[in-house]
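structure_33.pdb (PDB, C-alpha atoms, pLDDT in the B column) appears below.
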```pdb
ATOM      1  CA  MET A1135     -21.616  38.819 -22.332  1.00 70.00           C
ATOM      2  CA  THR A1136     -18.736  39.757 -20.022  1.00 75.00           C
ATOM      3  CA  GLU A1137     -15.306  38.380 -20.862  1.00 79.00           C
ATOM      4  CA  GLN A1138     -13.946  36.286 -18.034  1.00 86.00           C
ATOM      5  CA  ARG A1139     -10.319  36.617 -17.058  1.00 89.00           C
ATOM      6  CA  THR A1140      -8.151  34.769 -14.608  1.00 94.00           C
ATOM      7  CA  TRP A1141      -6.782  36.436 -11.478  1.00 93.00           C
ATOM      8  CA  HIS A1142      -3.310  36.260 -13.025  1.00 92.00           C
ATOM      9  CA  GLU A1143      -4.493  38.150 -16.124  1.00 93.00           C
ATOM     10  CA  ILE A1144      -6.140  40.817 -13.977  1.00 94.00           C
ATOM     11  CA  LEU A1145      -3.024  41.157 -11.813  1.00 95.00           C
ATOM     12  CA  MET A1146      -0.734  41.402 -14.872  1.00 95.00           C
ATOM     13  CA  LYS A1147      -2.893  44.187 -16.309  1.00 96.00           C
ATOM     14  CA  GLN A1148      -2.943  46.082 -13.015  1.00 96.00           C
ATOM     15  CA  LEU A1149       0.798  45.695 -12.392  1.00 95.00           C
ATOM     16  CA  SER A1150       1.688  46.879 -15.883  1.00 95.00           C
ATOM     17  CA  ASP A1151       0.973  50.343 -14.466  1.00 94.00           C
ATOM     18  CA  ARG A1152       4.146  51.650 -12.805  1.00 91.00           C
ATOM     19  CA  ASP A1153       2.386  53.335  -9.873  1.00 92.00           C
ATOM     20  CA  ASP A1154       0.271  50.263  -9.146  1.00 95.00           C
ATOM     21  CA  ALA A1155       3.386  48.096  -9.360  1.00 93.00           C
ATOM     22  CA  ILE A1156       5.227  50.283  -6.850  1.00 92.00           C
ATOM     23  CA  ASP A1157       2.260  50.202  -4.468  1.00 93.00           C
ATOM     24  CA  TYR A1158       2.150  46.411  -4.807  1.00 95.00           C
ATOM     25  CA  LEU A1159       5.867  46.132  -4.052  1.00 92.00           C
ATOM     26  CA  GLN A1160       5.453  48.386  -1.009  1.00 92.00           C
ATOM     27  CA  VAL A1161       2.746  46.129   0.429  1.00 93.00           C
ATOM     28  CA  THR A1162       4.840  43.059  -0.396  1.00 93.00           C
ATOM     29  CA  LEU A1163       7.843  44.562   1.409  1.00 91.00           C
ATOM     30  CA  GLU A1164       5.710  45.388   4.456  1.00 90.00           C
ATOM     31  CA  GLU A1165       4.496  41.786   4.567  1.00 92.00           C
ATOM     32  CA  TYR A1166       8.075  40.551   4.232  1.00 89.00           C
ATOM     33  CA  GLN A1167       9.116  42.710   7.181  1.00 87.00           C
ATOM     34  CA  VAL A1168       6.443  40.980   9.284  1.00 89.00           C
ATOM     35  CA  ASP A1169       6.878  37.355   8.226  1.00 92.00           C
ATOM     36  CA  GLY A1170      10.413  37.228   6.752  1.00 87.00           C
ATOM     37  CA  ASP A1171       9.304  34.962   3.889  1.00 89.00           C
ATOM     38  CA  THR A1172      12.057  35.667   1.361  1.00 87.00           C
ATOM     39  CA  SER A1173      10.833  33.227  -1.286  1.00 87.00           C
ATOM     40  CA  PHE A1174       7.350  34.808  -1.283  1.00 89.00           C
ATOM     41  CA  PHE A1175       8.834  38.305  -1.462  1.00 90.00           C
ATOM     42  CA  LEU A1176      11.020  37.356  -4.423  1.00 91.00           C
ATOM     43  CA  SER A1177       8.125  35.632  -6.182  1.00 91.00           C
ATOM     44  CA  GLU A1178       6.089  38.827  -5.916  1.00 93.00           C
ATOM     45  CA  ILE A1179       8.957  40.835  -7.404  1.00 93.00           C
ATOM     46  CA  ARG A1180       9.002  38.290 -10.224  1.00 93.00           C
ATOM     47  CA  THR A1181       5.251  38.850 -10.694  1.00 95.00           C
ATOM     48  CA  VAL A1182       5.897  42.574 -11.161  1.00 95.00           C
ATOM     49  CA  VAL A1183       8.792  41.847 -13.527  1.00 95.00           C
ATOM     50  CA  GLU A1184       6.473  39.654 -15.604  1.00 96.00           C
ATOM     51  CA  ALA A1185       3.844  42.390 -15.701  1.00 96.00           C
ATOM     52  CA  GLN A1186       6.431  44.952 -16.772  1.00 93.00           C
ATOM     53  CA  GLY A1187       7.344  43.006 -19.905  1.00 93.00           C
ATOM     54  CA  GLY A1188       8.704  39.681 -18.743  1.00 95.00           C
ATOM     55  CA  VAL A1189      11.947  38.243 -17.449  1.00 94.00           C
ATOM     56  CA  SER A1190      13.779  38.295 -20.808  1.00 95.00           C
ATOM     57  CA  LYS A1191      12.998  41.934 -21.561  1.00 95.00           C
ATOM     58  CA  PHE A1192      13.707  42.980 -17.991  1.00 92.00           C
ATOM     59  CA  ALA A1193      16.983  41.032 -17.863  1.00 94.00           C
ATOM     60  CA  GLU A1194      18.108  42.811 -21.009  1.00 94.00           C
ATOM     61  CA  LYS A1195      17.413  46.186 -19.378  1.00 91.00           C
ATOM     62  CA  ILE A1196      19.663  45.364 -16.427  1.00 91.00           C
ATOM     63  CA  ASN A1197      22.276  43.553 -18.529  1.00 92.00           C
ATOM     64  CA  ILE A1198      21.912  40.118 -16.967  1.00 90.00           C
ATOM     65  CA  GLU A1199      21.117  36.731 -18.476  1.00 93.00           C
ATOM     66  CA  PRO A1200      17.388  35.909 -18.250  1.00 93.00           C
ATOM     67  CA  GLN A1201      18.075  32.553 -16.602  1.00 91.00           C
ATOM     68  CA  VAL A1202      20.227  34.215 -13.938  1.00 89.00           C
ATOM     69  CA  LEU A1203      17.450  36.700 -13.160  1.00 90.00           C
ATOM     70  CA  SER A1204      14.847  33.957 -13.138  1.00 90.00           C
ATOM     71  CA  ASP A1205      16.960  31.830 -10.793  1.00 88.00           C
ATOM     72  CA  MET A1206      17.558  34.822  -8.540  1.00 88.00           C
ATOM     73  CA  LEU A1207      13.832  35.505  -8.198  1.00 89.00           C
ATOM     74  CA  THR A1208      12.879  31.898  -7.508  1.00 85.00           C
ATOM     75  CA  SER A1209      15.573  30.928  -5.017  1.00 75.00           C
ATOM     76  CA  LYS A1210      15.224  30.775  -1.259  1.00 69.00           C
ATOM     77  CA  GLY A1211      18.124  33.149  -0.784  1.00 69.00           C
ATOM     78  CA  ALA A1212      17.987  36.845  -1.538  1.00 75.00           C
ATOM     79  CA  PRO A1213      19.968  38.394  -4.392  1.00 82.00           C
ATOM     80  CA  ARG A1214      22.961  40.556  -3.590  1.00 84.00           C
ATOM     81  CA  LEU A1215      21.990  44.028  -2.445  1.00 86.00           C
ATOM     82  CA  ASP A1216      23.509  45.757  -5.495  1.00 88.00           C
ATOM     83  CA  THR A1217      21.627  43.448  -7.862  1.00 87.00           C
ATOM     84  CA  PHE A1218      18.423  43.879  -5.884  1.00 87.00           C
ATOM     85  CA  SER A1219      18.864  47.653  -5.987  1.00 90.00           C
ATOM     86  CA  THR A1220      19.317  47.513  -9.778  1.00 91.00           C
ATOM     87  CA  ILE A1221      16.120  45.460 -10.127  1.00 91.00           C
ATOM     88  CA  LEU A1222      14.158  47.947  -8.032  1.00 91.00           C
ATOM     89  CA  ARG A1223      15.624  50.950  -9.836  1.00 91.00           C
ATOM     90  CA  THR A1224      14.621  49.435 -13.178  1.00 92.00           C
ATOM     91  CA  LEU A1225      11.105  48.950 -11.798  1.00 91.00           C
ATOM     92  CA  GLY A1226      11.096  52.661 -10.965  1.00 90.00           C
ATOM     93  CA  CYS A1227      11.587  52.506  -7.217  1.00 90.00           C
ATOM     94  CA  ARG A1228      14.326  52.251  -4.610  1.00 88.00           C
ATOM     95  CA  LEU A1229      15.003  50.974  -1.151  1.00 84.00           C
ATOM     96  CA  SER A1230      14.646  53.412   1.676  1.00 83.00           C
ATOM     97  CA  ILE A1231      15.140  53.294   5.409  1.00 76.00           C
ATOM     98  CA  GLU A1232      12.600  54.788   7.776  1.00 78.00           C
ATOM     99  CA  PRO A1233      12.344  54.786  11.544  1.00 81.00           C
ATOM    100  CA  ILE A1234       9.893  52.295  12.974  1.00 76.00           C
ATOM    101  CA  ALA A1235       6.848  54.131  14.259  1.00 73.00           C
TER     102      ALA A1235
END
```

Just dump the structure as structure tokens.
Amino acid sequence: MTEQRTWHEILMKQLSDRDDAIDYLQVTLEEYQVDGDTSFFLSEIRTVVEAQGGVSKFAEKINIEPQVLSDMLTSKGAPRLDTFSTILRTLGCRLSIEPIA
């Protein structure tokens, strides 16, 4: 008999892989650039953070209180650019600027 898993469990397993997580963030960023939905974009970053070990472990890596990180990724406003850059760098990626095709 096949073990049934929830979508969240499947997504957490997939996003625990660094390359898959980066691809996921790239798609999320592209969607954000179309619709401008900051809260959705931040929630998807939080999903990747959870898959990469959780908010507490991740917050420790970037030397920030877990509650501060959690609040930052669930608010309607975006985190400061330097903090956002640190989060992305810890996830193994970075911001880049490209010309619009």

message = Residues near segment 1162-1165 of chain A, anyone? I mean within 8 Å using only C-alpha atoms, not counting same-chain ones fewer than 5 positions away, as an MDAnalysis selection string.
response = chainID A and resid 1170 1175 1178

query = Which residues, written as a list in words, have at least one atom at most 10 Å from segment 1140-1144 of chain A, with only C-alpha atoms counted and residues fewer than 4 positions away on the same chain left out?
reply = Gln1148, Leu1149, Thr1181 and Ala1185 of chain A

Can you tell me which residues surround segment 1209-1220 of chain A at a distance of at most 9 Å, considering all atoms listed in the file, apart from same-chain residues fewer than 4 positions away, and format the answer as a compact mmCIF listing (two decimals) with C-alpha atoms, in the frame of the given file?
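For reference, around_8.txt as written:
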```txt
# COMPACT_ATOMS: atom_id res chain seq x y z
CA ASP A 1171 9.30 34.96 3.89
CA THR A 1172 12.06 35.67 1.36
CA SER A 1173 10.83 33.23 -1.29
CA PHE A 1174 7.35 34.81 -1.28
CA LEU A 1176 11.02 37.36 -4.42
CA SER A 1177 8.12 35.63 -6.18
CA ILE A 1196 19.66 45.36 -16.43
CA SER A 1204 14.85 33.96 -13.14
CA ASP A 1205 16.96 31.83 -10.79
CA THR A 1224 14.62 49.44 -13.18
CA LEU A 1225 11.10 48.95 -11.80
CA CYS A 1227 11.59 52.51 -7.22
CA ARG A 1228 14.33 52.25 -4.61
CA LEU A 1229 15.00 50.97 -1.15
```

message = Would you compute the distance between atom CA of Ile1221 of chain A and atom CA of Asp1151 of chain A? Give it in Å to one decimal.
response = 16.5 Å

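Here the question is which of A:Gln1167, A:Ile1231, A:Val1202, A:Tyr1158 gets nearest to Leu1145 of chain A using all atoms listed in the file, and that residue is A:Tyr1158.
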
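You will find atom CA of Glu1137 of chain A at 24.1 Å from atom CA of Gly1188 of chain A.
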
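Closest to Arg1180 of chain A among A:Ala1235, A:Glu1194, A:Met1206, A:Tyr1166 is A:Met1206, based on all atoms listed in the file.
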
With all atoms listed in the file as the counted atoms, please give the residues lying no more than 10 Å from Val1189 of chain A, apart from itself and same-chain residues fewer than 2 positions off, as a PDB file with C-alpha atoms, keeping the file's coordinate frame.
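Writing the result to part_31.pdb gives the following:
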```
ATOM      1  CA  ARG A1180       9.002  38.290 -10.224  1.00 93.00           C
ATOM      2  CA  THR A1181       5.251  38.850 -10.694  1.00 95.00           C
ATOM      3  CA  VAL A1182       5.897  42.574 -11.161  1.00 95.00           C
ATOM      4  CA  VAL A1183       8.792  41.847 -13.527  1.00 95.00           C
ATOM      5  CA  GLU A1184       6.473  39.654 -15.604  1.00 96.00           C
ATOM      6  CA  ALA A1185       3.844  42.390 -15.701  1.00 96.00           C
ATOM      7  CA  GLN A1186       6.431  44.952 -16.772  1.00 93.00           C
ATOM      8  CA  GLY A1187       7.344  43.006 -19.905  1.00 93.00           C
ATOM      9  CA  LYS A1191      12.998  41.934 -21.561  1.00 95.00           C
ATOM     10  CA  PHE A1192      13.707  42.980 -17.991  1.00 92.00           C
ATOM     11  CA  ALA A1193      16.983  41.032 -17.863  1.00 94.00           C
ATOM     12  CA  GLU A1194      18.108  42.811 -21.009  1.00 94.00           C
ATOM     13  CA  LYS A1195      17.413  46.186 -19.378  1.00 91.00           C
ATOM     14  CA  GLU A1199      21.117  36.731 -18.476  1.00 93.00           C
ATOM     15  CA  PRO A1200      17.388  35.909 -18.250  1.00 93.00           C
ATOM     16  CA  GLN A1201      18.075  32.553 -16.602  1.00 91.00           C
ATOM     17  CA  VAL A1202      20.227  34.215 -13.938  1.00 89.00           C
ATOM     18  CA  LEU A1203      17.450  36.700 -13.160  1.00 90.00           C
ATOM     19  CA  SER A1204      14.847  33.957 -13.138  1.00 90.00           C
ATOM     20  CA  LEU A1207      13.832  35.505  -8.198  1.00 89.00           C
TER      21      LEU A1207
END
```

request  = Have a look at atom CA of Arg1152 of chain A and atom CA of Arg1139 of chain A and let me know their distance in Å, one decimal.
outcome  =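 Distance reported for this atom pair: 21.3 Å.
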
Could you give me the centre and size, in Å to one decimal, of an axis-aligned box around all listed atoms of segment 1154-1169 of chain A with 3 Å added on every side, as JSON?
```
{"center_x": 4.7, "center_y": 43.8, "center_z": 0.0, "size_x": 14.8, "size_y": 18.9, "size_z": 24.6}
```

For segment 1164-1193 of chain A of the structure just presented, write N, CA, C and O atoms to a file, as a PDB file, in the first residue's frame.
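Printed below is decode.pdb as written:
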```
ATOM      1  N   GLU A1164       9.484  35.653 -10.199  1.00  0.00           N
ATOM      2  CA  GLU A1164       8.878  36.009 -11.486  1.00  0.00           C
ATOM      3  C   GLU A1164       7.389  36.317 -11.325  1.00  0.00           C
ATOM      4  O   GLU A1164       6.885  37.268 -11.919  1.00  0.00           O
ATOM      5  N   GLU A1165       6.705  35.527 -10.510  1.00  0.00           N
ATOM      6  CA  GLU A1165       5.287  35.792 -10.254  1.00  0.00           C
ATOM      7  C   GLU A1165       5.106  37.115  -9.523  1.00  0.00           C
ATOM      8  O   GLU A1165       4.203  37.888  -9.831  1.00  0.00           O
ATOM      9  N   TYR A1166       5.995  37.386  -8.560  1.00  0.00           N
ATOM     10  CA  TYR A1166       5.928  38.649  -7.830  1.00  0.00           C
ATOM     11  C   TYR A1166       6.107  39.834  -8.774  1.00  0.00           C
ATOM     12  O   TYR A1166       5.429  40.852  -8.645  1.00  0.00           O
ATOM     13  N   GLN A1167       7.010  39.702  -9.733  1.00  0.00           N
ATOM     14  CA  GLN A1167       7.248  40.793 -10.676  1.00  0.00           C
ATOM     15  C   GLN A1167       6.036  41.060 -11.548  1.00  0.00           C
ATOM     16  O   GLN A1167       5.862  42.161 -12.044  1.00  0.00           O
ATOM     17  N   VAL A1168       5.167  40.069 -11.727  1.00  0.00           N
ATOM     18  CA  VAL A1168       3.948  40.242 -12.510  1.00  0.00           C
ATOM     19  C   VAL A1168       2.831  40.827 -11.663  1.00  0.00           C
ATOM     20  O   VAL A1168       2.182  41.791 -12.046  1.00  0.00           O
ATOM     21  N   ASP A1169       2.613  40.243 -10.476  1.00  0.00           N
ATOM     22  CA  ASP A1169       1.436  40.644  -9.685  1.00  0.00           C
ATOM     23  C   ASP A1169       1.737  41.558  -8.499  1.00  0.00           C
ATOM     24  O   ASP A1169       0.825  42.144  -7.932  1.00  0.00           O
ATOM     25  N   GLY A1170       2.998  41.693  -8.089  1.00  0.00           N
ATOM     26  CA  GLY A1170       3.354  42.591  -6.999  1.00  0.00           C
ATOM     27  C   GLY A1170       2.817  42.191  -5.637  1.00  0.00           C
ATOM     28  O   GLY A1170       2.767  43.013  -4.726  1.00  0.00           O
ATOM     29  N   ASP A1171       2.455  40.931  -5.452  1.00  0.00           N
ATOM     30  CA  ASP A1171       1.887  40.464  -4.190  1.00  0.00           C
ATOM     31  C   ASP A1171       3.006  40.146  -3.195  1.00  0.00           C
ATOM     32  O   ASP A1171       3.505  39.020  -3.123  1.00  0.00           O
ATOM     33  N   THR A1172       3.394  41.153  -2.420  1.00  0.00           N
ATOM     34  CA  THR A1172       4.499  41.021  -1.483  1.00  0.00           C
ATOM     35  C   THR A1172       4.234  39.963  -0.428  1.00  0.00           C
ATOM     36  O   THR A1172       5.118  39.161  -0.116  1.00  0.00           O
ATOM     37  N   SER A1173       3.039  39.929   0.138  1.00  0.00           N
ATOM     38  CA  SER A1173       2.766  38.962   1.203  1.00  0.00           C
ATOM     39  C   SER A1173       2.875  37.525   0.692  1.00  0.00           C
ATOM     40  O   SER A1173       3.393  36.654   1.386  1.00  0.00           O
ATOM     41  N   PHE A1174       2.420  37.260  -0.539  1.00  0.00           N
ATOM     42  CA  PHE A1174       2.565  35.921  -1.109  1.00  0.00           C
ATOM     43  C   PHE A1174       4.037  35.596  -1.331  1.00  0.00           C
ATOM     44  O   PHE A1174       4.500  34.498  -1.007  1.00  0.00           O
ATOM     45  N   PHE A1175       4.787  36.531  -1.872  1.00  0.00           N
ATOM     46  CA  PHE A1175       6.208  36.332  -2.121  1.00  0.00           C
ATOM     47  C   PHE A1175       6.939  35.992  -0.828  1.00  0.00           C
ATOM     48  O   PHE A1175       7.711  35.035  -0.763  1.00  0.00           O
ATOM     49  N   LEU A1176       6.672  36.755   0.230  1.00  0.00           N
ATOM     50  CA  LEU A1176       7.322  36.497   1.509  1.00  0.00           C
ATOM     51  C   LEU A1176       6.889  35.164   2.098  1.00  0.00           C
ATOM     52  O   LEU A1176       7.700  34.455   2.706  1.00  0.00           O
ATOM     53  N   SER A1177       5.625  34.793   1.913  1.00  0.00           N
ATOM     54  CA  SER A1177       5.172  33.507   2.448  1.00  0.00           C
ATOM     55  C   SER A1177       5.866  32.344   1.741  1.00  0.00           C
ATOM     56  O   SER A1177       6.148  31.313   2.356  1.00  0.00           O
ATOM     57  N   GLU A1178       6.169  32.516   0.465  1.00  0.00           N
ATOM     58  CA  GLU A1178       6.874  31.459  -0.259  1.00  0.00           C
ATOM     59  C   GLU A1178       8.337  31.375   0.168  1.00  0.00           C
ATOM     60  O   GLU A1178       8.914  30.287   0.208  1.00  0.00           O
ATOM     61  N   ILE A1179       8.939  32.503   0.499  1.00  0.00           N
ATOM     62  CA  ILE A1179      10.296  32.472   1.060  1.00  0.00           C
ATOM     63  C   ILE A1179      10.256  31.744   2.395  1.00  0.00           C
ATOM     64  O   ILE A1179      11.125  30.922   2.698  1.00  0.00           O
ATOM     65  N   ARG A1180       9.232  32.018   3.193  1.00  0.00           N
ATOM     66  CA  ARG A1180       9.087  31.332   4.476  1.00  0.00           C
ATOM     67  C   ARG A1180       8.935  29.818   4.254  1.00  0.00           C
ATOM     68  O   ARG A1180       9.492  29.018   5.009  1.00  0.00           O
ATOM     69  N   THR A1181       8.213  29.413   3.230  1.00  0.00           N
ATOM     70  CA  THR A1181       8.064  27.994   2.921  1.00  0.00           C
ATOM     71  C   THR A1181       9.429  27.357   2.672  1.00  0.00           C
ATOM     72  O   THR A1181       9.725  26.275   3.178  1.00  0.00           O
ATOM     73  N   VAL A1182      10.279  28.044   1.920  1.00  0.00           N
ATOM     74  CA  VAL A1182      11.622  27.532   1.646  1.00  0.00           C
ATOM     75  C   VAL A1182      12.447  27.496   2.929  1.00  0.00           C
ATOM     76  O   VAL A1182      13.153  26.518   3.193  1.00  0.00           O
ATOM     77  N   VAL A1183      12.334  28.530   3.742  1.00  0.00           N
ATOM     78  CA  VAL A1183      13.043  28.564   5.026  1.00  0.00           C
ATOM     79  C   VAL A1183      12.623  27.363   5.877  1.00  0.00           C
ATOM     80  O   VAL A1183      13.466  26.685   6.480  1.00  0.00           O
ATOM     81  N   GLU A1184      11.337  27.084   5.925  1.00  0.00           N
ATOM     82  CA  GLU A1184      10.854  25.930   6.690  1.00  0.00           C
ATOM     83  C   GLU A1184      11.450  24.634   6.154  1.00  0.00           C
ATOM     84  O   GLU A1184      11.880  23.776   6.918  1.00  0.00           O
ATOM     85  N   ALA A1185      11.493  24.503   4.848  1.00  0.00           N
ATOM     86  CA  ALA A1185      12.028  23.289   4.231  1.00  0.00           C
ATOM     87  C   ALA A1185      13.529  23.141   4.451  1.00  0.00           C
ATOM     88  O   ALA A1185      14.052  22.022   4.460  1.00  0.00           O
ATOM     89  N   GLN A1186      14.207  24.241   4.640  1.00  0.00           N
ATOM     90  CA  GLN A1186      15.657  24.221   4.835  1.00  0.00           C
ATOM     91  C   GLN A1186      16.051  24.100   6.310  1.00  0.00           C
ATOM     92  O   GLN A1186      17.176  24.381   6.671  1.00  0.00           O
ATOM     93  N   GLY A1187      15.099  23.709   7.145  1.00  0.00           N
ATOM     94  CA  GLY A1187      15.432  23.469   8.552  1.00  0.00           C
ATOM     95  C   GLY A1187      14.578  24.219   9.552  1.00  0.00           C
ATOM     96  O   GLY A1187      14.700  23.999  10.744  1.00  0.00           O
ATOM     97  N   GLY A1188      13.761  25.134   9.075  1.00  0.00           N
ATOM     98  CA  GLY A1188      12.865  25.844   9.973  1.00  0.00           C
ATOM     99  C   GLY A1188      13.337  27.234  10.332  1.00  0.00           C
ATOM    100  O   GLY A1188      14.520  27.570  10.184  1.00  0.00           O
ATOM    101  N   VAL A1189      12.396  28.027  10.822  1.00  0.00           N
ATOM    102  CA  VAL A1189      12.664  29.429  11.144  1.00  0.00           C
ATOM    103  C   VAL A1189      13.721  29.562  12.236  1.00  0.00           C
ATOM    104  O   VAL A1189      14.645  30.369  12.123  1.00  0.00           O
ATOM    105  N   SER A1190      13.636  28.765  13.292  1.00  0.00           N
ATOM    106  CA  SER A1190      14.591  28.895  14.406  1.00  0.00           C
ATOM    107  C   SER A1190      16.021  28.615  13.963  1.00  0.00           C
ATOM    108  O   SER A1190      16.933  29.394  14.248  1.00  0.00           O
ATOM    109  N   LYS A1191      16.204  27.518  13.250  1.00  0.00           N
ATOM    110  CA  LYS A1191      17.545  27.157  12.771  1.00  0.00           C
ATOM    111  C   LYS A1191      18.060  28.192  11.780  1.00  0.00           C
ATOM    112  O   LYS A1191      19.224  28.595  11.824  1.00  0.00           O
ATOM    113  N   PHE A1192      17.201  28.629  10.892  1.00  0.00           N
ATOM    114  CA  PHE A1192      17.585  29.612   9.888  1.00  0.00           C
ATOM    115  C   PHE A1192      17.920  30.951  10.542  1.00  0.00           C
ATOM    116  O   PHE A1192      18.902  31.598  10.177  1.00  0.00           O
ATOM    117  N   ALA A1193      17.103  31.365  11.506  1.00  0.00           N
ATOM    118  CA  ALA A1193      17.346  32.634  12.201  1.00  0.00           C
ATOM    119  C   ALA A1193      18.694  32.609  12.908  1.00  0.00           C
ATOM    120  O   ALA A1193      19.421  33.612  12.923  1.00  0.00           O
TER     121      ALA A1193
END
```
